[in-house]
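Asker: Pasting a structure here, questions to come.
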Amino acid sequence: MASISDIIEKFIKNLMKDSDNIQIQRNELANLFNCAPSQINYVLTTRFSREKGYEILSKKGGGGYVEIKKIKTIKTNTREHVLHTIYEKIDNKITYFQGKVIINWLLDINIINNKEAKIILCVIDDKSLNTPIYELSENIRAKILKNIIEELFNIEE
């Protein structure tokens with residue numbers, strides 16, 4: 001079952017299908033999904049970040065609204081940009097949640113497909129790593145994720 005964050009993200013992306021720019025009122029969206037406005041903020045900051053190709057502008061007054069814009073740049077999804085962004089995010093250790101965010105981003109920019117995303121998420125899951133020291137799992141997860149992504153780019157060349 002999809003989480004409320006997934007549902008809100010899908011709703012916003014559907015609104016943006018025909019437009020590169022939308023304005024939403026956070027409180028109205030929160031009322032629509034029967035959640036706190038902070039849940040909307042969470043979705044906006046984690047699912048519509050600059051790394052994922054979006055810019056968020058928050059406006060106060062007149063009920064307040066949030067403007068979401070798709071960033072149009074040719075270099076956003078180049079090999080070098082993607083690898084730089086991933087290395088910046090992963091470093092030497094990464095949590096499962098952080099890894100999931102990266103995998104979802106790769107899915108969003110069409111570097112990987114749904115099947116590949118599911119496989120990678122299974123590989124980096126805590127159940128798969130099963131180490132007695134949590135920090136060790138984060139280190140191993142980072143190495144595995146970097147290796148998989150590097151190999152994905154090598155295959156494409």
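Residue names in the structure tokens use chain letters A, B, ... in the order shown, residue numbers from 1 in each chain, and ligand numbers from 1 in the order shown.
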Residues of range 31-143 of chain A in helix (DSSP H, G or I) according to DSSP, as a ChimeraX atom specification?
Answerer: /A:31-32,37-47,50-52,74-77,79-90,96-108,114-124,126-129,134-143
Asker: Got a sec: who's within 12 Å of Leu57 in chain A, counting only C-alpha atoms, leaving out chain neighbours fewer than 5 positions off, as a list in words?
Answerer: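 The residues that qualify are Asn21, Ile22, Gln23, Ile24, Gln25, Arg26, Asn41, Leu44, Thr45, Phe48, Ser49, Arg50, Gly64, Tyr65, Val66, Glu67, Ile68, Lys69 and Lys70 of chain A.
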Asker: Just C-alpha atoms for this one: save the residues we selected as an mmCIF file, in the first residue's frame.
Answerer:
data_model
loop_
_atom_site.group_PDB
_atom_site.id
_atom_site.type_symbol
_atom_site.label_atom_id
_atom_site.label_comp_id
_atom_site.auth_asym_id
_atom_site.auth_seq_id
_atom_site.Cartn_x
_atom_site.Cartn_y
_atom_site.Cartn_z
ATOM 1 C CA ASN A 21 4.884 25.352 -13.195
ATOM 2 C CA ILE A 22 2.028 25.021 -10.691
ATOM 3 C CA GLN A 23 0.873 26.870 -7.601
ATOM 4 C CA ILE A 24 -0.714 25.056 -4.692
ATOM 5 C CA GLN A 25 -1.925 26.147 -1.300
ATOM 6 C CA ARG A 26 -0.319 24.004 1.333
ATOM 7 C CA ASN A 41 6.325 20.289 3.457
ATOM 8 C CA LEU A 44 7.947 19.050 -1.183
ATOM 9 C CA THR A 45 11.423 18.981 0.367
ATOM 10 C CA PHE A 48 10.624 17.946 -5.314
ATOM 11 C CA SER A 49 14.186 19.027 -4.571
ATOM 12 C CA ARG A 50 16.635 20.753 -6.904
ATOM 13 C CA GLY A 64 0.043 31.575 1.140
ATOM 14 C CA TYR A 65 0.973 29.246 -1.642
ATOM 15 C CA VAL A 66 3.829 27.156 -2.912
ATOM 16 C CA GLU A 67 5.017 27.370 -6.490
ATOM 17 C CA ILE A 68 6.652 24.274 -7.960
ATOM 18 C CA LYS A 69 8.689 24.672 -11.131
ATOM 19 C CA LYS A 70 10.404 22.064 -13.238
#
Asker: Give me, as number ranges by chain, all polymer residues having an atom no more than 12 Å from Tyr87 in chain A, counting only C-alpha atoms and skipping those fewer than 3 positions away in the same chain.
Answerer: A: 80-84, 90-94, 99, 102, 142-143, 145-147, 149-150
Asker: List the neighbours of Trp105 in chain A out to 7 Å using only C-alpha atoms; skip same-chain residues closer than 4 positions along the sequence, and give me the result as a list of chain:residue names.
Answerer: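 Neighbouring residues, sequence-local ones excluded: A:Lys52, A:Val101, A:Ile109.
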